[in-house]
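Shown next: input16.cif, given as mmCIF, C-alpha atoms.
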data_coords
loop_
_atom_site.group_PDB
_atom_site.id
_atom_site.type_symbol
_atom_site.label_atom_id
_atom_site.label_comp_id
_atom_site.auth_asym_id
_atom_site.auth_seq_id
_atom_site.Cartn_x
_atom_site.Cartn_y
_atom_site.Cartn_z
ATOM 1 C CA MET A 1122 -25.363 -4.427 -30.740
ATOM 2 C CA VAL A 1123 -22.840 -1.844 -31.926
ATOM 3 C CA VAL A 1124 -20.459 -0.098 -29.522
ATOM 4 C CA TYR A 1125 -18.726 3.016 -30.832
ATOM 5 C CA MET A 1126 -15.463 3.965 -29.190
ATOM 6 C CA LYS A 1127 -15.383 7.375 -27.516
ATOM 7 C CA HIS A 1128 -12.037 7.262 -25.739
ATOM 8 C CA PRO A 1129 -9.967 10.295 -26.817
ATOM 9 C CA LEU A 1130 -6.780 8.246 -27.186
ATOM 10 C CA ILE A 1131 -8.485 5.909 -29.653
ATOM 11 C CA LEU A 1132 -9.919 8.814 -31.653
ATOM 12 C CA HIS A 1133 -6.559 10.611 -31.696
ATOM 13 C CA LYS A 1134 -4.687 7.550 -32.934
ATOM 14 C CA ILE A 1135 -7.293 6.897 -35.636
ATOM 15 C CA THR A 1136 -6.743 10.435 -36.930
ATOM 16 C CA MET A 1137 -3.014 9.675 -37.162
ATOM 17 C CA LEU A 1138 -3.834 6.445 -39.029
ATOM 18 C CA ARG A 1139 -5.857 8.344 -41.614
ATOM 19 C CA ASP A 1140 -3.038 10.767 -42.451
ATOM 20 C CA GLU A 1141 -1.448 9.826 -45.788
ATOM 21 C CA ARG A 1142 1.908 11.008 -44.411
ATOM 22 C CA THR A 1143 1.935 8.222 -41.781
ATOM 23 C CA GLY A 1144 4.522 5.672 -42.894
ATOM 24 C CA THR A 1145 4.382 1.893 -42.682
ATOM 25 C CA SER A 1146 6.219 1.515 -39.366
ATOM 26 C CA ASP A 1147 4.112 4.114 -37.552
ATOM 27 C CA PHE A 1148 0.936 2.777 -39.174
ATOM 28 C CA ARG A 1149 1.628 -0.729 -37.841
ATOM 29 C CA LYS A 1150 2.286 0.586 -34.341
ATOM 30 C CA LEU A 1151 -0.889 2.654 -34.375
ATOM 31 C CA VAL A 1152 -3.048 -0.273 -35.511
ATOM 32 C CA GLU A 1153 -1.617 -2.399 -32.712
ATOM 33 C CA GLU A 1154 -2.098 0.345 -30.118
ATOM 34 C CA ILE A 1155 -5.686 1.010 -31.214
ATOM 35 C CA ALA A 1156 -6.469 -2.714 -31.089
ATOM 36 C CA MET A 1157 -5.143 -2.895 -27.528
ATOM 37 C CA LEU A 1158 -7.181 0.132 -26.419
ATOM 38 C CA MET A 1159 -10.328 -1.169 -28.114
ATOM 39 C CA GLY A 1160 -9.710 -4.604 -26.634
ATOM 40 C CA TYR A 1161 -9.499 -3.157 -23.148
ATOM 41 C CA GLU A 1162 -12.963 -1.679 -23.655
ATOM 42 C CA ALA A 1163 -14.422 -4.745 -25.367
ATOM 43 C CA LEU A 1164 -13.212 -7.239 -22.770
ATOM 44 C CA ALA A 1165 -14.612 -5.464 -19.722
ATOM 45 C CA ASP A 1166 -17.224 -8.193 -19.253
ATOM 46 C CA LEU A 1167 -14.851 -11.194 -19.146
ATOM 47 C CA LYS A 1168 -15.945 -13.645 -16.471
ATOM 48 C CA THR A 1169 -13.721 -14.440 -13.480
ATOM 49 C CA HIS A 1170 -13.627 -16.889 -10.610
ATOM 50 C CA GLN A 1171 -11.910 -16.748 -7.230
ATOM 51 C CA VAL A 1172 -8.689 -18.584 -6.406
ATOM 52 C CA GLU A 1173 -6.579 -18.801 -3.293
ATOM 53 C CA ILE A 1174 -3.005 -17.505 -3.546
ATOM 54 C CA LYS A 1175 -0.271 -16.553 -1.128
ATOM 55 C CA THR A 1176 1.267 -13.091 -1.298
ATOM 56 C CA PRO A 1177 4.542 -12.256 0.506
ATOM 57 C CA ILE A 1178 2.288 -11.030 3.320
ATOM 58 C CA GLU A 1179 -0.607 -13.497 3.671
ATOM 59 C CA ASP A 1180 -3.023 -15.957 2.078
ATOM 60 C CA THR A 1181 -5.774 -14.272 0.051
ATOM 61 C CA ILE A 1182 -8.686 -14.992 -2.308
ATOM 62 C CA GLN A 1183 -8.430 -13.122 -5.641
ATOM 63 C CA PRO A 1184 -10.050 -13.172 -9.129
ATOM 64 C CA VAL A 1185 -8.627 -14.806 -12.258
ATOM 65 C CA LEU A 1186 -10.123 -15.235 -15.723
ATOM 66 C CA ASP A 1187 -12.669 -18.011 -16.034
ATOM 67 C CA GLY A 1188 -13.126 -20.683 -18.705
ATOM 68 C CA ARG A 1189 -11.064 -21.554 -21.763
ATOM 69 C CA LYS A 1190 -8.662 -19.013 -23.192
ATOM 70 C CA PRO A 1191 -10.237 -16.640 -25.752
ATOM 71 C CA ALA A 1192 -9.438 -17.022 -29.449
ATOM 72 C CA VAL A 1193 -8.251 -14.007 -31.415
ATOM 73 C CA ILE A 1194 -9.233 -14.476 -35.061
ATOM 74 C CA PRO A 1195 -7.896 -11.998 -37.625
ATOM 75 C CA ILE A 1196 -9.388 -11.795 -41.101
ATOM 76 C CA LEU A 1197 -6.382 -12.066 -43.404
ATOM 77 C CA ARG A 1198 -4.487 -10.167 -44.215
ATOM 78 C CA ALA A 1199 -5.104 -6.759 -42.646
ATOM 79 C CA GLY A 1200 -6.523 -8.256 -39.447
ATOM 80 C CA LEU A 1201 -3.046 -9.552 -38.601
ATOM 81 C CA GLY A 1202 -2.065 -5.996 -37.709
ATOM 82 C CA MET A 1203 -4.481 -6.018 -34.754
ATOM 83 C CA VAL A 1204 -3.412 -9.343 -33.233
ATOM 84 C CA GLY A 1205 -0.392 -8.040 -31.333
ATOM 85 C CA GLY A 1206 -2.458 -5.459 -29.482
ATOM 86 C CA LEU A 1207 -4.896 -8.084 -28.233
ATOM 87 C CA LEU A 1208 -2.154 -10.537 -27.327
ATOM 88 C CA ALA A 1209 -0.617 -7.802 -25.172
ATOM 89 C CA LEU A 1210 -3.831 -8.012 -23.126
ATOM 90 C CA LEU A 1211 -4.353 -11.783 -23.485
ATOM 91 C CA PRO A 1212 -0.873 -13.299 -23.946
ATOM 92 C CA ASN A 1213 -2.184 -16.862 -23.570
ATOM 93 C CA ALA A 1214 -5.020 -16.466 -26.086
ATOM 94 C CA LYS A 1215 -5.260 -18.876 -28.985
ATOM 95 C CA VAL A 1216 -5.044 -17.441 -32.505
ATOM 96 C CA GLY A 1217 -7.071 -18.634 -35.479
ATOM 97 C CA HIS A 1218 -7.048 -17.306 -39.045
ATOM 98 C CA ILE A 1219 -9.701 -16.705 -41.673
ATOM 99 C CA GLY A 1220 -8.550 -15.782 -45.175
ATOM 100 C CA MET A 1221 -10.765 -13.604 -47.358
ATOM 101 C CA TYR A 1222 -10.170 -11.685 -50.572
ATOM 102 C CA ARG A 1223 -12.500 -9.246 -52.294
ATOM 103 C CA ASP A 1224 -13.479 -9.450 -55.940
ATOM 104 C CA GLU A 1225 -12.525 -6.014 -57.218
ATOM 105 C CA GLU A 1226 -15.379 -5.957 -59.719
ATOM 106 C CA THR A 1227 -18.300 -7.317 -57.700
ATOM 107 C CA HIS A 1228 -16.869 -6.334 -54.270
ATOM 108 C CA THR A 1229 -18.033 -9.695 -52.897
ATOM 109 C CA PRO A 1230 -15.783 -11.625 -50.489
ATOM 110 C CA HIS A 1231 -14.333 -15.071 -51.207
ATOM 111 C CA ALA A 1232 -12.962 -17.326 -48.475
ATOM 112 C CA TYR A 1233 -9.756 -19.231 -49.156
ATOM 113 C CA TYR A 1234 -8.593 -20.329 -45.682
ATOM 114 C CA CYS A 1235 -10.045 -21.094 -42.248
ATOM 115 C CA LYS A 1236 -8.090 -22.516 -39.311
ATOM 116 C CA LEU A 1237 -9.635 -22.227 -35.855
ATOM 117 C CA PRO A 1238 -8.423 -23.461 -32.458
ATOM 118 C CA PRO A 1239 -10.118 -26.543 -30.976
ATOM 119 C CA PHE A 1240 -13.043 -26.320 -28.540
ATOM 120 C CA MET A 1241 -14.388 -23.125 -30.132
ATOM 121 C CA GLU A 1242 -17.793 -23.876 -28.619
ATOM 122 C CA GLU A 1243 -16.237 -23.160 -25.194
ATOM 123 C CA ARG A 1244 -14.306 -20.025 -26.131
ATOM 124 C CA LEU A 1245 -14.886 -16.328 -26.657
ATOM 125 C CA ALA A 1246 -13.961 -15.521 -30.278
ATOM 126 C CA ILE A 1247 -12.614 -12.029 -30.938
ATOM 127 C CA VAL A 1248 -12.726 -11.367 -34.680
ATOM 128 C CA VAL A 1249 -10.557 -8.481 -35.866
ATOM 129 C CA ASP A 1250 -10.362 -6.572 -39.144
ATOM 130 C CA PRO A 1251 -9.325 -2.894 -39.381
ATOM 131 C CA MET A 1252 -11.949 -1.997 -42.004
ATOM 132 C CA LEU A 1253 -15.658 -2.774 -42.214
ATOM 133 C CA ALA A 1254 -16.752 -1.650 -45.687
ATOM 134 C CA THR A 1255 -19.620 -3.639 -47.234
ATOM 135 C CA GLY A 1256 -19.611 -6.033 -44.281
ATOM 136 C CA GLY A 1257 -19.368 -9.118 -46.494
ATOM 137 C CA SER A 1258 -16.051 -10.441 -45.192
ATOM 138 C CA LEU A 1259 -16.971 -10.028 -41.538
ATOM 139 C CA ILE A 1260 -20.395 -11.599 -42.085
ATOM 140 C CA ASP A 1261 -18.847 -14.639 -43.781
ATOM 141 C CA ALA A 1262 -16.116 -14.921 -41.138
ATOM 142 C CA VAL A 1263 -18.675 -15.005 -38.328
ATOM 143 C CA ASN A 1264 -20.676 -17.583 -40.298
ATOM 144 C CA GLU A 1265 -17.599 -19.832 -40.337
ATOM 145 C CA ILE A 1266 -16.983 -19.333 -36.619
ATOM 146 C CA LYS A 1267 -20.593 -20.175 -35.779
ATOM 147 C CA LYS A 1268 -20.255 -23.396 -37.786
ATOM 148 C CA SER A 1269 -17.555 -24.435 -35.279
ATOM 149 C CA GLY A 1270 -20.146 -24.254 -32.502
ATOM 150 C CA CYS A 1271 -18.929 -20.964 -31.066
ATOM 151 C CA GLN A 1272 -21.732 -18.643 -29.974
ATOM 152 C CA ASN A 1273 -19.744 -16.172 -27.843
ATOM 153 C CA ILE A 1274 -18.362 -13.796 -30.481
ATOM 154 C CA LYS A 1275 -17.164 -10.204 -30.456
ATOM 155 C CA CYS A 1276 -15.974 -8.289 -33.542
ATOM 156 C CA MET A 1277 -13.612 -5.326 -33.627
ATOM 157 C CA CYS A 1278 -13.113 -2.916 -36.547
ATOM 158 C CA ILE A 1279 -11.149 0.322 -36.417
ATOM 159 C CA ILE A 1280 -13.103 2.118 -39.163
ATOM 160 C CA ALA A 1281 -16.557 1.235 -40.484
ATOM 161 C CA ALA A 1282 -18.975 2.456 -43.136
ATOM 162 C CA PRO A 1283 -22.673 2.764 -42.266
ATOM 163 C CA GLU A 1284 -23.505 0.287 -45.044
ATOM 164 C CA GLY A 1285 -21.263 -2.356 -43.507
ATOM 165 C CA VAL A 1286 -22.570 -1.826 -39.990
ATOM 166 C CA ALA A 1287 -26.159 -2.131 -41.207
ATOM 167 C CA ALA A 1288 -25.475 -5.321 -43.184
ATOM 168 C CA PHE A 1289 -23.555 -6.957 -40.352
ATOM 169 C CA THR A 1290 -26.028 -6.170 -37.578
ATOM 170 C CA LYS A 1291 -28.928 -7.356 -39.742
ATOM 171 C CA THR A 1292 -27.224 -10.708 -40.362
ATOM 172 C CA HIS A 1293 -25.682 -11.218 -36.904
ATOM 173 C CA PRO A 1294 -27.796 -9.294 -34.378
ATOM 174 C CA ASP A 1295 -26.487 -11.552 -31.592
ATOM 175 C CA VAL A 1296 -22.843 -10.481 -32.089
ATOM 176 C CA THR A 1297 -21.478 -7.316 -30.494
ATOM 177 C CA LEU A 1298 -19.556 -5.129 -32.930
ATOM 178 C CA TYR A 1299 -16.961 -2.667 -31.604
ATOM 179 C CA VAL A 1300 -16.170 0.229 -33.955
ATOM 180 C CA GLY A 1301 -13.390 2.780 -33.549
ATOM 181 C CA ALA A 1302 -14.889 5.347 -35.936
ATOM 182 C CA LEU A 1303 -17.998 5.418 -38.111
ATOM 183 C CA ASP A 1304 -17.248 7.078 -41.446
ATOM 184 C CA ARG A 1305 -19.548 8.790 -43.947
ATOM 185 C CA CYS A 1306 -20.138 6.258 -46.724
ATOM 186 C CA LEU A 1307 -18.714 3.909 -49.336
ATOM 187 C CA ASN A 1308 -17.651 5.286 -52.704
ATOM 188 C CA GLU A 1309 -18.335 3.657 -56.094
ATOM 189 C CA ASN A 1310 -15.383 1.300 -55.546
ATOM 190 C CA ALA A 1311 -16.686 0.251 -52.100
ATOM 191 C CA TYR A 1312 -13.899 2.088 -50.295
ATOM 192 C CA ILE A 1313 -14.711 3.825 -47.028
ATOM 193 C CA CYS A 1314 -14.829 7.635 -47.141
ATOM 194 C CA PRO A 1315 -12.915 9.460 -45.731
ATOM 195 C CA GLY A 1316 -11.276 6.204 -44.644
ATOM 196 C CA LEU A 1317 -7.544 5.658 -44.675
ATOM 197 C CA GLY A 1318 -6.898 3.831 -47.942
ATOM 198 C CA ASP A 1319 -6.113 0.110 -48.065
ATOM 199 C CA ALA A 1320 -5.269 -0.982 -44.530
ATOM 200 C CA GLY A 1321 -3.448 -4.120 -45.676
ATOM 201 C CA ASP A 1322 -1.222 -2.215 -48.061
ATOM 202 C CA ARG A 1323 -0.415 0.384 -45.416
ATOM 203 C CA ILE A 1324 0.348 -2.241 -42.747
ATOM 204 C CA PHE A 1325 2.570 -4.367 -44.964
ATOM 205 C CA GLY A 1326 4.039 -1.692 -47.243
ATOM 206 C CA THR A 1327 2.524 -3.101 -50.425
ATOM 207 C CA LYS A 1328 0.371 -1.634 -53.200
#
Entire entry expressed as C-alpha cells:
Amino acid sequence: MVVYMKHPLILHKITMLRDERTGTSDFRKLVEEIAMLMGYEALADLKTHQVEIKTPIEDTIQPVLDGRKPAVIPILRAGLGMVGGLLALLPNAKVGHIGMYRDEETHTPHAYYCKLPPFMEERLAIVVDPMLATGGSLIDAVNEIKKSGCQNIKCMCIIAAPEGVAAFTKTHPDVTLYVGALDRCLNENAYICPGLGDAGDRIFGTK
C-alpha cells in the first residue's frame, strides 16, 4: 500500500526543500521537520495497552505504547537526515543502519553495511530514505530487514518517482510506503524530476 501525504505543512516544506537557494543548514532542518510530520501520520496505528498511574488528583487508567520499542532504520547516508525527526516522536526507539551506494553507470544499488537492533522480529521497523528513485536501495534494505525476522515494516520517503514506487510495491506489497510527494519521472541518469538534486549532498554540504 502507498500513502501519499496531503498535509499542507508537509507539502509547503517539500517545496522549500526543492529550492536550489535553500542552504545546507535550512535543508537539514526541513528534512528533519518533514520526517517528524510524516512520522506523525505514519504512526497513527501504533498499538497501546492500559496502565494504572496516579496523577496529582487521583488514580487513573491510561494508554501507553505496547510491545518492544520501534526501530528507526535509515539507509545511509541521506536517510540519517530523517532520524532526528522520528526520534523527536519516539525518543526511546532503537536505531539501525543499512549502507547502500549506487553504481553511477548501472544505477544498481550495492550494500556495504547492515547493523540492526536485536529482536527485530518483535519490532516495528521504520525505514527512512529521502529519495525513492529506481527503488533498488529500498527494496534491498527491506529484504535485509525481512531476513532478520521482522515482518512489521513501514517505509518513508520524502520524494518518489513513479518508477520507484511501482518497483517497490511489486516486490514488497505487504509493506506500507509513505511518500511526501510523487514526482514526474526519472531522467536518463536516474535522478528524480523535478526532484531536489542529491539529498545526501544537500544534507551534508558535499558534492
(request) Have a look at A:Leu1207, A:Val1300, A:Ile1280, A:Met1122 and name the one nearest to A:Met1157; count only C-alpha atoms. (result)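 Closest candidate: A:Leu1207.
Distance check against A:Leu1303 using all atoms listed in the file: of A:Lys1215, A:Lys1275, A:Glu1265, A:Met1126, the minimum falls on A:Met1126.
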(request) Using all atoms listed in the file, pick whichever of A:Cys1235, A:Ile1182, A:Val1249, A:Val1263 has the shortest atom-to-atom distance to A:Met1277. (result)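 The closest residue to A:Met1277 is A:Val1249.
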(message) Could you list, as a PyMOL selection string, every residue matched by the PyMOL selection byres ((chain A and resi 1164) around 12) in this structure?
(response) chain A and resi 1156-1163+1165-1169+1186+1191+1207+1210-1211+1245-1247+1274-1277+1297+1299
(request) Considering all atoms listed in the file, state which residue in the set A:Gly1205, A:Pro1283, A:Gly1220, A:Gly1200 is at the smallest distance from A:Asp1322. (result)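 Of all the options, A:Gly1200 lies closest to A:Asp1322.
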(request) With the file shown as input, list the residues that the PyMOL selection byres ((chain A and resi 1270) around 9) selects, as a PyMOL selection string. (result) chain A and resi 1240-1243+1266-1269+1271-1272
(message) I need the residue nearest A:Ser1258 from this list: A:Ile1279, A:Ala1287, A:Ile1219, A:Ile1324. Use only C-alpha atoms for the distance.
(response)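 The answer is A:Ile1219, which sits nearest to A:Ser1258.
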(message) So the first atom is atom CA of A:Phe1325 and the second is atom CA of A:Arg1149; what is the distance between them in Å, to one decimal place?
(response) 8.1 Å
(request) Could you jot down the atom CA of A:Val1152 to atom CA of A:Ala1320 separation for me, Å, one decimal place? (result)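 Between these atoms lies a distance of 9.3 Å.
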So what does the PyMOL selection byres ((chain A and resi 1238) around 6) actually pick up in this one, as a PDB file with C-alpha atoms, keeping the file's coordinate frame?
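The result, stored in result_7.pdb:
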ATOM      1  CA  GLY A1217      -7.071 -18.634 -35.479  1.00  0.00           C
ATOM      2  CA  LEU A1237      -9.635 -22.227 -35.855  1.00  0.00           C
ATOM      3  CA  PRO A1239     -10.118 -26.543 -30.976  1.00  0.00           C
TER       4      PRO A1239
END
(request) Fewer than 4 positions away in the same chain doesn't count, so skip those; otherwise give me all residues within 8 Å of A:Lys1127, counting all atoms listed in the file, as a PyMOL selection string. (result) chain A and resi 1131-1132+1301
Could you turn the residues from that selection into a file that holds C-alpha atoms, as a PDB file, keeping the file's coordinate frame?
ATOM      1  CA  ILE A1131      -8.485   5.909 -29.653  1.00  0.00           C
ATOM      2  CA  LEU A1132      -9.919   8.814 -31.653  1.00  0.00           C
ATOM      3  CA  GLY A1301     -13.390   2.780 -33.549  1.00  0.00           C
TER       4      GLY A1301
END
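Across A:Pro1195, A:Gly1257, A:Pro1212, A:Gly1316, the tightest approach to A:Thr1229 is made by A:Gly1257 when counting all atoms listed in the file.
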(message) Please report the interatomic distance between atom CA of A:His1170 and atom CA of A:Val1185 in Å with one decimal.
(response)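 Going from atom CA of A:His1170 over to atom CA of A:Val1185, I get 5.7 Å.
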(request) Name the residues in contact with A:Lys1134 at a cut-off of 10 Å, using all atoms listed in the file, excluding same-chain residues fewer than 6 positions from it; report them as a ChimeraX atom specification. (result) /A:1148,1150-1152,1154-1155,1301
Those selected residues, please, written with C-alpha atoms and delivered as an mmCIF file, in the frame of the given file.
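Just written: selection-v3.cif:
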data_model
loop_
_atom_site.group_PDB
_atom_site.id
_atom_site.type_symbol
_atom_site.label_atom_id
_atom_site.label_comp_id
_atom_site.auth_asym_id
_atom_site.auth_seq_id
_atom_site.Cartn_x
_atom_site.Cartn_y
_atom_site.Cartn_z
ATOM 1 C CA PHE A 1148 0.936 2.777 -39.174
ATOM 2 C CA LYS A 1150 2.286 0.586 -34.341
ATOM 3 C CA LEU A 1151 -0.889 2.654 -34.375
ATOM 4 C CA VAL A 1152 -3.048 -0.273 -35.511
ATOM 5 C CA GLU A 1154 -2.098 0.345 -30.118
ATOM 6 C CA ILE A 1155 -5.686 1.010 -31.214
ATOM 7 C CA GLY A 1301 -13.390 2.780 -33.549
#
